[in-house]
Protein chains: 2
Amino acid sequence: MAIDLTCPVPLLGADKILLAHGGGGRLTHQLIETVFLPAFSNPTILSRHDGGVFPVNGTQLAITTDCYVVNPIVFPGGTIGDLAVNGTVNDLAMCGARPLALSAAFILEEGLPMEILRTIVTSMESAARAANVPIVTGDTKVVDKGKADAMFINTTGVGVVVAPKPVGPDRVRPGDAVLVSGELGAHGITILSVRGGLDFEGDVTSDTAPLWPAVQTLFEADIEVHCLRDLTRGGLSSALNEIASAAGVGITVEEVAIPVSEAVRSACELLGLDPLYVANEGRFVAFVPEHDAERALEVLRSDAVSAQAVRAGNVHSDSPGIVTVRSRIGGHRVLDMLSGEQLPRIC
Amino acid sequence: MAIDLTCPVPLLGADKILLAHGGGGRLTHQLIETVFLPAFSNPTILSRHDGGVFPVNGTQLAITTDCYVVNPIVFPGGTIGDLAVNGTVNDLAMCGARPLALSAAFILEEGLPMEILRTIVTSMESAARAANVPIVTGDTKVVDKGKADAMFINTTGVGVVVAPKPVGPDRVRPGDAVLVSGELGAHGITILSVRGGLDFEGDVTSDTAPLWPAVQTLFEADIEVHCLRDLTRGGLSSALNEIASAAGVGITVEEVAIPVSEAVRSACELLGLDPLYVANEGRFVAFVPEHDAERALEVLRSDAVSAQAVRAGNVHSDSPGIVTVRSRIGGHRVLDMLSGEQLPRIC
């Protein structure tokens, strides 16, 4: 049985930044709501989406940004470089936007071997080519030895929104089906096992992948997509909680329906982690109306990255803002937002 | 007399990242040319501009990115926050683009006092309001204590190109006038004096400011603007060398024409620095054809931030790729690109 990850942490009045403020869970949410949103108050940022969407001469543009601080910078299945490209491509995809161009900015620690930088840059170029998006501008800063951890990368993406209607939490409705695009937890368990020097059976590797091709198939098939969210920091649980809260709806998922590989499941049991809280870098959740649910699954399964898509649950009007999971043995439990810090520096 | 800053440093075959790779001088240039451009090869990035310009449904968009690692994060005249907003607004302006939207991404060190974060965020909001550009999306990561230096910020900006013709080094022609928008060196000397605990007469404060309003006046007056470049890392000398090299032209500036405040000049003499190499965060150089030079100066002087604009020199076809400065006593010297690291972490 997974341990309870909702153990108490200081939630209010924290006067210093904690690792958990970057964990994607409750403290991140609180930091955004109490520090960033009140300052940067404008309609776009207040939509609380994965990216900002705004019109330019009749075209809807999306912009999204992420800093990558993953440790280690090279891991089974990827590097900080392809993670940085895929992650930003994916955030654009979650806005229903086709990626147009990326920027790449580096903070390098003095003394970083040039060969490592070349390896990372090469992996970024491969990922950008795979996602068919050019890296059009960049920046490099160097800080003194000991003032950064090898390297950090920011990627920011600009895309054109192709979704015929805005995709976002405010379009989620009771009756919507909740689709999960594939097996959960591989990225987080990979990073954790490398950091801990653990050797898990089954060779878990990161799921980092570009999600735009899968998302594009939904729009090309005229699926009525209400909301999309990638399952990064905080995993499925954080994504569903954010959406339930923003949309004012209840969400129930079936534990038995959610795909988790045997290797990830074993690792999670050993480590006392719940795979629903573990970060993914190539998985997303889609909210579609009931009448499109089966067709959406078929379409998703036609793309390699979402070949194992499933229907994981549904949206309802009971208990607004609350996410519940029906366990394998039939009981219900509340799937709370991650409170503390599960896996720091996972992306 | 300023010391020679072109002292020898290992230029080729560096197998580790040095602080000078982030200094904006020759090693930065070399890193870009040998590591980044060969990997991220596309027509936009190969234009070697301050930002990438690309078309979307008939609109020319510009995107530009910068990480800010300035130390200290609060200094006379500004903070890392307004520097991050102004710097990216300015890079858009240098592409002839009106800023539309910014993203803001934070890397925070565990333990950072929340009050400091609030101060920085507030200064960003003020700078964004002053530049009339919304911050529409963001990201926060936290790294363990000792793995970053208080905070780093990335801002990335998207703008609409309003310049009727592309602005860039490839449009610089022999005969162009070289205009400098105001007094040089205040930002770099401010940071250096705070870091060194120095107390310079005249209270030098950072010149951080948004440059779009001044640039906009040029386009509104139908000035034929060939190239714009802000004078950040590496100062005027790096900007002119990059442009001379990219345009295949010679540039000569008059030392006596270049405005430097008495306080900055004294500080530079004391520290053995040449103000032409010192970073600015609210100054730029404009290349315009001779027939527009006087009118461009008048227009620039109508905006507060460029009220002290001067004509500093001219472009010619002698010695392509070389920048020379005619000294106060009439001799010529080559103004080389900064070779080593003058002032690390200036922005």
# chains A, B, ... in the order shown; residues from 1 in each chain; ligands from 1

$ residues_around --residues "segment 191-194 of chain B" --least-positions-apart "3" --cutoff "10 Å" --atoms "only C-alpha atoms" --output "list in words"
Val70, Asn71, Pro72, Ile73, Val74, Phe75, Pro76, Ala186, His187, Gly188, Gly197, Leu198, Asp199, Phe200, Val204, Thr205, Ser206, Ala267, Leu271, Ala279, Leu343, Pro344, Arg345, Ile346 and Cys347 of chain B

$ select_by_dssp --residues "segment 63-298 of chain A" --states "alpha helix (DSSP H)" --output "PyMOL selection string"
chain A and resi 80-94+114-130+186-196+212-220+235-247+262-271+290-298

$ interface_residues --of "chain A" --to "chain B" --cutoff "7 Å" --atoms "only C-alpha atoms" --output "ChimeraX atom specification"
/A:15-19,21-22,35,39-40,42,44-45,51-52,64-67,103,105,110-114,118,121-122,125,134-144,146-149,154,156,345

$ closest_residue --among "A:Val256, A:Pro213, A:Thr79, A:Val172" --to "Asn132 of chain A" --atoms "only C-alpha atoms"
A:Pro213

$ atom_distance --atom1 "atom CA of His29 of chain B" --atom2 "atom CA of Gly331 of chain B"
28.4 Å

$ select_by_dssp --residues "segment 181-269 of chain B" --states "strand (DSSP E)" --output "list in words"
Cys227, Leu228, Arg229, Asp230, Gly250, Ile251, Thr252, Val253 and Glu254 of chain B

$ residues_around --residues "segment 233-248 of chain A" --least-positions-apart "5" --cutoff "8 Å" --atoms "only C-alpha atoms" --output "count of residues only"
26

$ closest_residue --among "A:Asp274, A:Gly87, A:Ile223, A:Leu297" --to "Pro99 of chain A" --atoms "only C-alpha atoms"
A:Gly87

$ residues_around --residues "Arg295 of chain A" --least-positions-apart "4" --cutoff "9 Å" --atoms "only C-alpha atoms" --output "list of chain:residue names"
A:Ala221, A:Ile223, A:His291, A:Val299, A:Leu300

$ closest_residue --among "A:Leu184, A:Val161, A:Val178, A:Ala97" --to "Trp212 of chain A" --atoms "only C-alpha atoms"
A:Ala97

$ closest_residue --among "A:Val315, A:Ala309, A:Phe284, A:Glu254" --to "Gly330 of chain A" --atoms "only C-alpha atoms"
A:Glu254

$ closest_residue --among "A:Thr119, A:Arg265, A:Pro166, A:Asp303" --to "Ile80 of chain A" --atoms "only C-alpha atoms"
A:Thr119

$ decode --residues "segment 107-135 of chain B" --atoms "N, CA and C atoms" --output "short mmCIF file (atom, residue, chain, number, x, y, z; two decimals), in the first residue's frame"
data_model
loop_
_atom_site.label_atom_id
_atom_site.label_comp_id
_atom_site.auth_asym_id
_atom_site.auth_seq_id
_atom_site.Cartn_x
_atom_site.Cartn_y
_atom_site.Cartn_z
N ILE B 107 13.89 30.36 -11.04
CA ILE B 107 14.60 29.29 -10.35
C ILE B 107 14.97 29.86 -8.99
N LEU B 108 14.36 29.31 -7.95
CA LEU B 108 14.53 29.85 -6.60
C LEU B 108 15.38 28.90 -5.78
N GLU B 109 16.25 29.48 -4.94
CA GLU B 109 17.05 28.66 -4.04
C GLU B 109 16.23 28.43 -2.77
N GLU B 110 16.18 27.18 -2.36
CA GLU B 110 15.51 26.83 -1.10
C GLU B 110 16.01 27.77 0.00
N GLY B 111 15.09 28.30 0.77
CA GLY B 111 15.48 29.18 1.87
C GLY B 111 15.40 30.66 1.53
N LEU B 112 15.14 30.99 0.26
CA LEU B 112 14.99 32.40 -0.11
C LEU B 112 13.85 33.02 0.70
N PRO B 113 14.10 34.14 1.37
CA PRO B 113 13.01 34.76 2.13
C PRO B 113 11.86 35.17 1.20
N MET B 114 10.65 34.84 1.63
CA MET B 114 9.46 35.13 0.82
C MET B 114 9.35 36.64 0.56
N GLU B 115 9.78 37.44 1.52
CA GLU B 115 9.67 38.89 1.35
C GLU B 115 10.53 39.38 0.18
N ILE B 116 11.68 38.76 0.00
CA ILE B 116 12.54 39.15 -1.12
C ILE B 116 11.87 38.79 -2.44
N LEU B 117 11.29 37.59 -2.47
CA LEU B 117 10.58 37.20 -3.70
C LEU B 117 9.46 38.20 -4.01
N ARG B 118 8.72 38.59 -2.98
CA ARG B 118 7.63 39.57 -3.20
C ARG B 118 8.19 40.89 -3.73
N THR B 119 9.29 41.33 -3.19
CA THR B 119 9.91 42.58 -3.66
C THR B 119 10.26 42.49 -5.14
N ILE B 120 10.86 41.37 -5.52
CA ILE B 120 11.28 41.20 -6.91
C ILE B 120 10.06 41.13 -7.83
N VAL B 121 9.06 40.37 -7.42
CA VAL B 121 7.86 40.22 -8.24
C VAL B 121 7.16 41.57 -8.41
N THR B 122 7.13 42.34 -7.35
CA THR B 122 6.52 43.67 -7.42
C THR B 122 7.28 44.57 -8.39
N SER B 123 8.60 44.48 -8.36
CA SER B 123 9.39 45.32 -9.28
C SER B 123 9.18 44.88 -10.73
N MET B 124 8.95 43.58 -10.94
CA MET B 124 8.66 43.10 -12.30
C MET B 124 7.34 43.66 -12.79
N GLU B 125 6.35 43.64 -11.90
CA GLU B 125 5.04 44.13 -12.29
C GLU B 125 5.10 45.62 -12.63
N SER B 126 5.85 46.38 -11.83
CA SER B 126 5.98 47.82 -12.12
C SER B 126 6.65 48.04 -13.47
N ALA B 127 7.71 47.28 -13.73
CA ALA B 127 8.43 47.44 -15.00
C ALA B 127 7.54 47.03 -16.17
N ALA B 128 6.76 45.97 -15.98
CA ALA B 128 5.87 45.51 -17.06
C ALA B 128 4.80 46.56 -17.34
N ARG B 129 4.30 47.17 -16.27
CA ARG B 129 3.29 48.21 -16.46
C ARG B 129 3.90 49.41 -17.18
N ALA B 130 5.11 49.79 -16.77
CA ALA B 130 5.77 50.93 -17.40
C ALA B 130 6.02 50.68 -18.89
N ALA B 131 6.30 49.42 -19.23
CA ALA B 131 6.56 49.09 -20.63
C ALA B 131 5.28 48.71 -21.35
N ASN B 132 4.16 48.72 -20.63
CA ASN B 132 2.85 48.43 -21.21
C ASN B 132 2.80 47.05 -21.85
N VAL B 133 3.35 46.04 -21.15
CA VAL B 133 3.35 44.68 -21.68
C VAL B 133 2.93 43.73 -20.56
N PRO B 134 1.95 42.85 -20.80
CA PRO B 134 1.53 41.94 -19.74
C PRO B 134 2.45 40.72 -19.61
N ILE B 135 2.60 40.23 -18.39
CA ILE B 135 3.28 38.96 -18.14
C ILE B 135 2.18 37.90 -18.13
#
